[in-house]
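Have a look at protein_11.cif; it's mmCIF, C-alpha atoms and all ligand atoms:
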```
data_coords
loop_
_atom_site.label_atom_id
_atom_site.label_comp_id
_atom_site.auth_asym_id
_atom_site.auth_seq_id
_atom_site.Cartn_x
_atom_site.Cartn_y
_atom_site.Cartn_z
CA MET B 837 0.00 0.00 0.00
CA THR B 838 1.28 3.46 -0.97
CA ILE B 839 0.20 6.61 0.84
CA LEU B 840 -0.54 9.42 -1.60
CA ASP B 841 1.44 12.16 0.14
CA GLY B 842 -0.41 15.35 -0.76
CA LYS B 843 1.72 17.34 1.61
CA LYS B 844 4.91 16.38 -0.18
CA ILE B 845 3.50 16.71 -3.70
CA SER B 846 1.93 20.08 -2.89
CA ASN B 847 5.32 21.26 -1.61
CA ASP B 848 6.95 20.08 -4.85
CA ILE B 849 4.37 22.07 -6.84
CA LYS B 850 4.89 25.15 -4.66
CA ASP B 851 8.66 24.85 -5.21
CA GLU B 852 8.08 24.69 -8.98
CA ILE B 853 5.82 27.76 -8.86
CA THR B 854 8.37 29.61 -6.69
CA GLN B 855 11.01 29.09 -9.37
CA VAL B 856 8.72 30.32 -12.16
CA VAL B 857 7.76 33.42 -10.15
CA ALA B 858 11.41 34.21 -9.33
CA GLN B 859 12.17 34.05 -13.06
CA MET B 860 9.19 36.31 -13.87
CA LYS B 861 10.43 38.86 -11.34
CA ALA B 862 13.98 38.65 -12.69
CA ASN B 863 12.56 39.39 -16.17
CA GLY B 864 10.78 42.47 -14.83
CA GLN B 865 7.33 40.90 -15.29
CA LYS B 866 4.39 41.51 -12.98
CA THR B 867 4.14 39.33 -9.86
CA PRO B 868 0.99 37.14 -9.76
CA HIS B 869 -1.57 38.58 -7.32
CA LEU B 870 -4.43 36.57 -5.78
CA ALA B 871 -7.29 38.15 -3.84
CA ALA B 872 -9.59 36.18 -1.54
CA VAL B 873 -12.99 37.50 -0.50
CA ILE B 874 -14.49 36.18 2.71
CA VAL B 875 -17.91 37.16 4.06
CA GLY B 876 -18.62 36.61 7.76
CA GLU B 877 -16.75 34.87 10.55
CA ASP B 878 -17.11 31.12 9.91
CA GLY B 879 -14.13 29.49 11.65
CA ALA B 880 -13.39 26.82 9.05
CA SER B 881 -13.67 29.30 6.15
CA LEU B 882 -11.35 31.77 7.92
CA THR B 883 -8.82 28.95 8.40
CA TYR B 884 -8.97 27.92 4.72
CA VAL B 885 -8.67 31.48 3.44
CA GLY B 886 -5.78 32.15 5.85
CA SER B 887 -3.95 29.11 4.42
CA LYS B 888 -4.52 30.35 0.87
CA VAL B 889 -3.11 33.79 1.67
CA ARG B 890 -0.09 32.31 3.51
CA ALA B 891 0.59 30.01 0.57
CA CYS B 892 0.85 33.08 -1.71
CA ALA B 893 3.71 34.45 0.39
CA ARG B 894 5.43 31.04 0.28
CA VAL B 895 5.67 31.11 -3.55
CA GLY B 896 6.34 34.84 -3.91
CA PHE B 897 2.84 35.94 -5.01
CA GLU B 898 1.15 39.12 -3.87
CA SER B 899 -2.13 38.54 -2.03
CA THR B 900 -5.04 40.58 -0.76
CA LEU B 901 -7.56 39.41 1.81
CA VAL B 902 -10.93 41.14 1.52
CA GLN B 903 -12.87 40.58 4.75
CA LEU B 904 -16.51 41.66 4.63
CA PRO B 905 -19.16 41.58 7.36
CA GLU B 906 -21.82 38.86 7.48
CA SER B 907 -24.44 41.63 7.12
CA ILE B 908 -23.14 42.89 3.75
CA THR B 909 -25.86 43.28 1.11
CA GLU B 910 -25.76 41.33 -2.14
CA GLN B 911 -25.42 44.63 -4.02
CA ASP B 912 -22.41 45.74 -2.00
CA LEU B 913 -20.73 42.38 -2.55
CA LEU B 914 -21.40 42.67 -6.31
CA THR B 915 -19.81 46.13 -6.23
CA LYS B 916 -16.71 44.69 -4.54
CA ILE B 917 -16.48 41.95 -7.19
CA ASP B 918 -16.79 44.57 -9.92
CA GLN B 919 -13.84 46.44 -8.39
CA LEU B 920 -11.72 43.26 -8.36
CA ASN B 921 -12.75 42.47 -11.97
CA ASN B 922 -11.52 45.91 -13.03
CA ASP B 923 -8.39 46.14 -10.87
CA PRO B 924 -5.41 45.51 -13.19
CA GLU B 925 -3.23 44.64 -10.18
CA ILE B 926 -5.40 41.57 -9.33
CA ASP B 927 -4.77 38.56 -11.62
CA GLY B 928 -7.26 36.19 -10.01
CA PHE B 929 -9.63 36.07 -7.08
CA ILE B 930 -11.90 33.72 -5.21
CA VAL B 931 -15.05 34.22 -3.18
CA GLN B 932 -14.88 31.74 -0.30
CA LEU B 933 -18.03 29.59 -0.03
CA PRO B 934 -20.45 29.12 1.61
CA LEU B 935 -21.91 32.63 1.54
CA PRO B 936 -24.55 33.82 4.03
CA ARG B 937 -28.09 32.71 3.16
CA HIS B 938 -29.33 36.19 2.17
CA ILE B 939 -26.85 36.22 -0.72
CA ASP B 940 -27.54 34.37 -3.99
CA THR B 941 -24.34 32.35 -4.57
CA GLN B 942 -25.04 31.75 -8.29
CA LYS B 943 -25.50 35.47 -8.87
CA ILE B 944 -22.16 36.20 -7.16
CA LEU B 945 -20.26 33.48 -9.07
CA LEU B 946 -21.73 34.75 -12.37
CA ALA B 947 -20.41 38.24 -11.60
CA VAL B 948 -16.76 37.09 -11.44
CA ASP B 949 -14.81 37.81 -14.64
CA PRO B 950 -14.15 34.31 -16.08
CA LYS B 951 -10.55 35.36 -16.84
CA LYS B 952 -9.97 35.98 -13.12
CA ASP B 953 -12.06 33.02 -11.90
CA VAL B 954 -9.20 30.94 -10.49
CA ASP B 955 -11.71 28.72 -8.61
CA GLY B 956 -13.21 27.72 -11.98
CA PHE B 957 -16.75 28.12 -10.61
CA HIS B 958 -18.13 30.46 -13.32
CA PRO B 959 -20.54 28.61 -15.67
CA GLU B 960 -18.41 29.64 -18.65
CA ASN B 961 -15.36 27.97 -17.15
CA PHE B 962 -17.33 24.91 -15.98
CA GLY B 963 -18.75 24.53 -19.50
CA LYS B 964 -15.27 24.75 -20.99
CA LEU B 965 -14.08 22.04 -18.60
CA ALA B 966 -16.81 19.71 -19.87
CA LEU B 967 -15.80 20.50 -23.47
CA ASP B 968 -12.01 20.01 -22.99
CA MET B 969 -11.35 23.71 -23.65
CA GLU B 970 -8.76 25.90 -21.93
CA THR B 971 -10.19 26.96 -18.56
CA PHE B 972 -9.51 27.01 -14.85
CA ILE B 973 -10.09 23.55 -13.36
CA PRO B 974 -11.54 23.85 -9.81
CA ALA B 975 -8.68 23.42 -7.37
CA THR B 976 -9.81 20.27 -5.51
CA PRO B 977 -10.53 18.12 -8.61
CA PHE B 978 -7.39 19.58 -10.23
CA GLY B 979 -5.42 18.48 -7.15
CA ILE B 980 -6.81 14.94 -7.34
CA MET B 981 -5.87 14.70 -11.04
CA GLU B 982 -2.37 15.97 -10.25
CA LEU B 983 -1.91 13.38 -7.46
CA LEU B 984 -2.97 10.58 -9.82
CA ARG B 985 -0.63 11.94 -12.52
CA ARG B 986 2.42 12.36 -10.30
CA TYR B 987 2.04 8.88 -8.75
CA ASP B 988 1.57 7.49 -12.28
CA ILE B 989 -1.63 5.68 -11.32
CA GLU B 990 -3.27 3.95 -14.27
CA THR B 991 -6.82 5.26 -14.79
CA SER B 992 -7.51 4.21 -18.39
CA GLY B 993 -10.30 1.65 -18.64
CA LYS B 994 -10.66 1.59 -14.85
CA HIS B 995 -13.98 1.89 -13.08
CA THR B 996 -13.97 5.10 -11.04
CA VAL B 997 -16.78 5.52 -8.52
CA VAL B 998 -17.33 9.07 -7.26
CA ILE B 999 -19.37 9.60 -4.09
CA GLY B 1000 -21.07 13.00 -3.95
CA ARG B 1001 -22.33 15.30 -6.72
CA SER B 1002 -21.29 18.74 -5.40
CA HIS B 1003 -20.52 21.50 -7.90
CA ILE B 1004 -17.07 21.94 -6.33
CA VAL B 1005 -15.83 18.32 -6.32
CA GLY B 1006 -18.11 15.41 -7.29
CA ARG B 1007 -19.56 16.81 -10.52
CA PRO B 1008 -16.28 18.17 -11.96
CA ILE B 1009 -14.10 15.17 -10.97
CA SER B 1010 -16.62 12.81 -12.60
CA ILE B 1011 -16.24 14.78 -15.85
CA LEU B 1012 -12.44 14.96 -15.60
CA MET B 1013 -12.00 11.23 -14.94
CA SER B 1014 -14.10 10.36 -18.00
CA ARG B 1015 -12.26 12.77 -20.33
CA LYS B 1016 -9.71 11.51 -22.85
CA GLY B 1017 -6.14 11.32 -21.53
CA GLN B 1018 -4.13 10.26 -18.52
CA PRO B 1019 -5.39 10.69 -15.88
CA GLY B 1020 -8.80 10.08 -17.40
CA ASP B 1021 -10.28 7.51 -19.82
CA SER B 1022 -12.07 6.02 -16.82
CA THR B 1023 -15.55 4.55 -16.81
CA VAL B 1024 -17.23 6.74 -14.21
CA THR B 1025 -20.17 6.09 -11.92
CA LEU B 1026 -21.38 9.15 -9.99
CA THR B 1027 -23.16 8.10 -6.80
CA HIS B 1028 -24.98 10.34 -4.32
CA SER B 1029 -27.46 10.46 -1.45
CA ARG B 1030 -30.26 8.90 -3.54
CA THR B 1031 -28.15 6.03 -4.88
CA LYS B 1032 -29.60 2.64 -3.94
CA ASP B 1033 -27.10 0.15 -2.47
CA LEU B 1034 -24.11 2.47 -2.85
CA ALA B 1035 -21.74 -0.21 -1.51
CA ALA B 1036 -22.59 -2.42 -4.51
CA TYR B 1037 -20.91 0.24 -6.68
CA THR B 1038 -17.91 0.99 -4.46
CA ARG B 1039 -17.17 -2.77 -4.13
CA GLU B 1040 -16.79 -2.92 -7.93
CA ALA B 1041 -14.62 0.20 -8.13
CA ASP B 1042 -10.95 0.26 -9.13
CA ILE B 1043 -10.80 3.88 -7.94
CA VAL B 1044 -13.08 5.43 -5.28
CA ILE B 1045 -13.22 9.22 -4.90
CA SER B 1046 -15.27 10.14 -1.85
CA ALA B 1047 -16.48 13.74 -1.48
CA LEU B 1048 -19.42 13.24 0.83
CA GLY B 1049 -18.51 14.92 4.11
CA VAL B 1050 -19.63 12.04 6.33
CA PRO B 1051 -16.81 11.01 8.69
CA ASN B 1052 -15.62 7.38 8.34
CA PHE B 1053 -18.42 6.57 5.88
CA LEU B 1054 -16.40 4.25 3.62
CA LYS B 1055 -15.58 1.00 5.46
CA ALA B 1056 -13.25 -1.83 4.52
CA ASP B 1057 -16.13 -4.13 3.49
CA MET B 1058 -17.22 -1.52 0.90
CA VAL B 1059 -14.02 -1.65 -1.19
CA LYS B 1060 -12.25 -4.33 -3.18
CA ASP B 1061 -8.66 -5.46 -2.68
CA GLY B 1062 -6.18 -3.25 -4.50
CA ALA B 1063 -8.51 -0.27 -4.94
CA VAL B 1064 -7.19 3.30 -5.19
CA ILE B 1065 -8.86 5.42 -2.51
CA ILE B 1066 -9.11 9.22 -2.70
CA ASP B 1067 -10.63 10.84 0.41
CA VAL B 1068 -11.86 14.40 -0.07
CA GLY B 1069 -13.69 14.60 3.29
CA ILE B 1070 -12.51 17.19 5.83
CA THR B 1071 -15.13 17.25 8.59
CA ARG B 1072 -14.36 18.73 12.01
CA VAL B 1073 -15.30 16.12 14.62
CA ALA B 1074 -15.45 17.22 18.26
CA ASP B 1075 -12.66 15.65 20.36
CA SER B 1076 -11.95 16.99 23.85
CA THR B 1077 -8.51 15.35 23.88
CA ALA B 1078 -7.38 17.35 20.82
CA ALA B 1079 -5.69 20.74 21.35
CA LYS B 1080 -8.21 22.54 19.14
CA GLY B 1081 -11.19 20.62 20.53
CA TYR B 1082 -11.76 18.82 17.22
CA VAL B 1083 -10.01 16.52 14.76
CA ILE B 1084 -10.22 16.76 10.96
CA THR B 1085 -11.80 13.49 9.82
CA GLY B 1086 -12.13 12.09 6.31
CA ASP B 1087 -14.94 10.12 4.64
CA VAL B 1088 -12.80 6.98 4.73
CA ASP B 1089 -12.32 4.64 7.70
CA TYR B 1090 -8.57 4.81 7.11
CA LYS B 1091 -7.53 2.07 9.53
CA GLY B 1092 -9.67 -0.58 7.87
CA VAL B 1093 -9.63 0.60 4.26
CA SER B 1094 -5.85 1.13 4.10
CA GLN B 1095 -5.43 -2.65 4.73
CA LYS B 1096 -7.05 -3.34 1.35
CA ALA B 1097 -6.07 -0.31 -0.76
CA SER B 1098 -3.19 -0.17 -3.24
CA TYR B 1099 -3.00 3.64 -2.89
CA ILE B 1100 -4.77 5.86 -0.35
CA THR B 1101 -4.83 9.55 0.61
CA PRO B 1102 -4.52 10.33 4.32
CA VAL B 1103 -6.64 13.00 6.06
CA PRO B 1104 -5.14 15.42 6.80
CA GLY B 1105 -2.20 15.60 4.38
CA GLY B 1106 -3.81 14.15 1.25
CA VAL B 1107 -6.17 16.10 -1.00
CA GLY B 1108 -6.37 19.19 1.28
CA PRO B 1109 -2.87 20.58 0.65
CA MET B 1110 -3.21 19.79 -3.06
CA THR B 1111 -6.23 22.12 -3.28
CA ILE B 1112 -4.14 25.09 -2.18
CA ALA B 1113 -1.26 24.22 -4.51
CA MET B 1114 -3.61 24.07 -7.50
CA LEU B 1115 -5.23 27.39 -6.60
CA LEU B 1116 -1.73 28.88 -6.80
CA GLN B 1117 -1.20 27.08 -10.12
CA ASN B 1118 -4.44 28.61 -11.47
CA THR B 1119 -3.37 32.07 -10.29
CA LEU B 1120 -0.06 31.66 -12.13
CA LEU B 1121 -2.01 30.59 -15.24
CA ALA B 1122 -4.27 33.66 -14.92
CA ARG B 1123 -1.19 35.91 -14.88
CA GLN B 1124 0.43 34.08 -17.81
CA ARG B 1125 -2.78 34.27 -19.86
CA ALA B 1126 -3.42 37.96 -19.12
N1 LIG B 1201 -15.40 26.32 -0.01
C1 LIG B 1201 -15.03 25.02 0.04
N2 LIG B 1201 -14.14 24.75 -0.93
C2 LIG B 1201 -13.94 25.90 -1.60
C3 LIG B 1201 -13.12 26.25 -2.71
O1 LIG B 1201 -12.39 25.45 -3.31
N3 LIG B 1201 -13.19 27.54 -3.11
C4 LIG B 1201 -13.99 28.45 -2.50
N4 LIG B 1201 -14.00 29.70 -2.97
N5 LIG B 1201 -14.77 28.16 -1.47
C5 LIG B 1201 -14.73 26.88 -1.03
#
```
Mind turning the file's structure into structure tokens?
Amino acid sequence: MTILDGKKISNDIKDEITQVVAQMKANGQKTPHLAAVIVGEDGASLTYVGSKVRACARVGFESTLVQLPESITEQDLLTKIDQLNNDPEIDGFIVQLPLPRHIDTQKILLAVDPKKDVDGFHPENFGKLALDMETFIPATPFGIMELLRRYDIETSGKHTVVIGRSHIVGRPISILMSRKGQPGDSTVTLTHSRTKDLAAYTREADIVISALGVPNFLKADMVKDGAVIIDVGITRVADSTAAKGYVITGDVDYKGVSQKASYITPVPGGVGPMTIAMLLQNTLLARQRA
């Protein structure tokens, strides 16, 4: 069994980006600049956005954190997005999700200039992804593809079972794994909360990608010997013995499933760090395409 070390691979990618940025600076070119918009005070979202901003410094990018109050109106948020769209200093930006309930998420995502949409959430970019056109691939699915590529895991002709149909992970990774190329060329089954006898599908899978958000959902008796297991879950589970009062827990019952898997991502240290590395990669692409 091989552990897919997202921490190491993400560091390799950050080192590669650092070198490219140093060369850009030496050539007198503009430094890539990422902005992150966060609305409200959600603890997990603040943590994620903080990591994204810190990662910018690590590779030599400029970054801007735009912190807005929970009570902001939809109109004022749209105005802020318009400013970022028109600010030549900003190469790419993200709006951290989820947004407060009084704000229409689709309306906000539609307002982002597709050329600066480094999350790849704009319908134009999502459509391009489905049509194999140049776009920004959402960071988490992009990170999974990069892990599979760098560990040289065969995906062609394999049966990939995705659990979860979210717009951010399940839906796009199911499209990417079925596209032509390596990684890709998989036969994909997309399962979700209404799937009957989900374990019947996962037991047949060569590759399982779980993006459900239910801690320890995938048990050893639900996977076949030699399966490749990608765990996208990052749920905070209360634990009074942990320093922070919680532990980050994946969808996969790691102890049991790792006994049968050929490759498996740990949580933390698997897909999570890859997401940040690929956001940086998309920001670099946005600068290079500008
Ligand atoms: N919330 C959870 N994942 C993400 C992500 O990849 N991007 C943004 N903007 N918000 C998220």
Sort by chain and increasing residue number a table of all residues of chain B within 8 Å of ligand LIG 1201 (chain B), each with its closest pair of atoms and their distance in Å to one decimal, counting all atoms listed in the file, and write it as JSON lines.
```
{"residue": "B:Ala872", "atom": "CA", "partner": "B:LIG1201", "partner_atom": "N4", "distance": 8.0}
{"residue": "B:Ser881", "atom": "CA", "partner": "B:LIG1201", "partner_atom": "N1", "distance": 7.1}
{"residue": "B:Ile930", "atom": "CA", "partner": "B:LIG1201", "partner_atom": "N4", "distance": 5.1}
{"residue": "B:Val931", "atom": "CA", "partner": "B:LIG1201", "partner_atom": "N4", "distance": 4.6}
{"residue": "B:Gln932", "atom": "CA", "partner": "B:LIG1201", "partner_atom": "N4", "distance": 3.5}
{"residue": "B:Leu933", "atom": "CA", "partner": "B:LIG1201", "partner_atom": "N5", "distance": 3.8}
{"residue": "B:Pro934", "atom": "CA", "partner": "B:LIG1201", "partner_atom": "N1", "distance": 6.0}
{"residue": "B:Asp955", "atom": "CA", "partner": "B:LIG1201", "partner_atom": "N3", "distance": 5.8}
{"residue": "B:Pro974", "atom": "CA", "partner": "B:LIG1201", "partner_atom": "O1", "distance": 6.7}
{"residue": "B:Ala975", "atom": "CA", "partner": "B:LIG1201", "partner_atom": "O1", "distance": 5.9}
{"residue": "B:Thr976", "atom": "CA", "partner": "B:LIG1201", "partner_atom": "O1", "distance": 6.2}
{"residue": "B:Ile1004", "atom": "CA", "partner": "B:LIG1201", "partner_atom": "O1", "distance": 6.6}
{"residue": "B:Thr1111", "atom": "CA", "partner": "B:LIG1201", "partner_atom": "O1", "distance": 7.0}
```
Output C-alpha atoms of each residue in that selection to a file, as a PDB file, in the coordinates of the input.
```
ATOM      1  CA  ALA B 872      -9.590  36.180  -1.540  1.00  0.00           C
ATOM      2  CA  SER B 881     -13.670  29.300   6.150  1.00  0.00           C
ATOM      3  CA  ILE B 930     -11.900  33.720  -5.210  1.00  0.00           C
ATOM      4  CA  VAL B 931     -15.050  34.220  -3.180  1.00  0.00           C
ATOM      5  CA  GLN B 932     -14.880  31.740  -0.300  1.00  0.00           C
ATOM      6  CA  LEU B 933     -18.030  29.590  -0.030  1.00  0.00           C
ATOM      7  CA  PRO B 934     -20.450  29.120   1.610  1.00  0.00           C
ATOM      8  CA  ASP B 955     -11.710  28.720  -8.610  1.00  0.00           C
ATOM      9  CA  PRO B 974     -11.540  23.850  -9.810  1.00  0.00           C
ATOM     10  CA  ALA B 975      -8.680  23.420  -7.370  1.00  0.00           C
ATOM     11  CA  THR B 976      -9.810  20.270  -5.510  1.00  0.00           C
ATOM     12  CA  ILE B1004     -17.070  21.940  -6.330  1.00  0.00           C
ATOM     13  CA  THR B1111      -6.230  22.120  -3.280  1.00  0.00           C
TER      14      THR B1111
END
```
Between atom CA of B:Ile1084 and atom CA of B:Ser1029, what distance in Å does the model show, to one decimal? 22.2 Å
d(atom CA of B:Asp927, atom CA of B:Gln1124) in Å: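 Computed distance, atom CA of B:Asp927 to atom CA of B:Gln1124, equals 9.2 Å.
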By how many Å are atom CA of B:Ala1056 and atom CA of B:Gly1105 apart?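 These atoms are spaced 20.6 Å apart.
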Pick out the closest residue to B:Cys892 from this set: B:Gly1069, B:Gly1081, B:Pro868, B:Gly876. Count all atoms listed in the file.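 For B:Cys892, the nearest of the candidates is B:Pro868.
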Please determine, counting all atoms listed in the file, which residue among B:Leu1120, B:Val885, B:Ile1009, B:Ala1113 has the shortest atom-to-atom distance to B:Asp848. B:Ala1113
Nearest residue to B:Arg1001 out of B:Ala1047, B:Gln1018, B:Thr854, B:Pro959, using all atoms listed in the file?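 For B:Arg1001, the nearest of the candidates is B:Ala1047.
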Counting only C-alpha atoms, the option among B:Arg986, B:Glu910, B:Ile999, B:Gln1117 closest to B:Arg937: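 Among B:Arg986, B:Glu910, B:Ile999, B:Gln1117, it is B:Glu910 that comes nearest to B:Arg937.
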Counting all atoms listed in the file, which of B:Asp1089, B:Leu920, B:Ala880, B:Gln903 gets nearest to B:Thr1071?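 Comparing B:Asp1089, B:Leu920, B:Ala880, B:Gln903 against B:Thr1071, the winner is B:Ala880.
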Which neighbours of B:Val873 fall inside 12 Å, counting all atoms listed in the file, when residues of the same chain fewer than 6 positions from it are skipped, and could you give them as a count of residues only? 32
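Shortest atom-to-atom contact with B:Lys1080 among B:Ala947, B:Gly879, B:Glu990, B:Ala871: B:Gly879, counting all atoms listed in the file.
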Using all atoms listed in the file - which residues lie no farther than 8 Å from the point (-10.9, 3.0, -8.5) in the file's frame? Write them as a PyMOL selection string. chain B and resi 991+994-997+1041-1045+1063-1065
Centre, x/y/z edge lengths, axis-aligned box for stretch 921-934 of chain B with 3 Å per side, as AutoDock Vina command-line options:
```
--center_x -11.8 --center_y 37.6 --center_z -5.8 --size_x 23.2 --size_y 23.0 --size_z 20.8
```
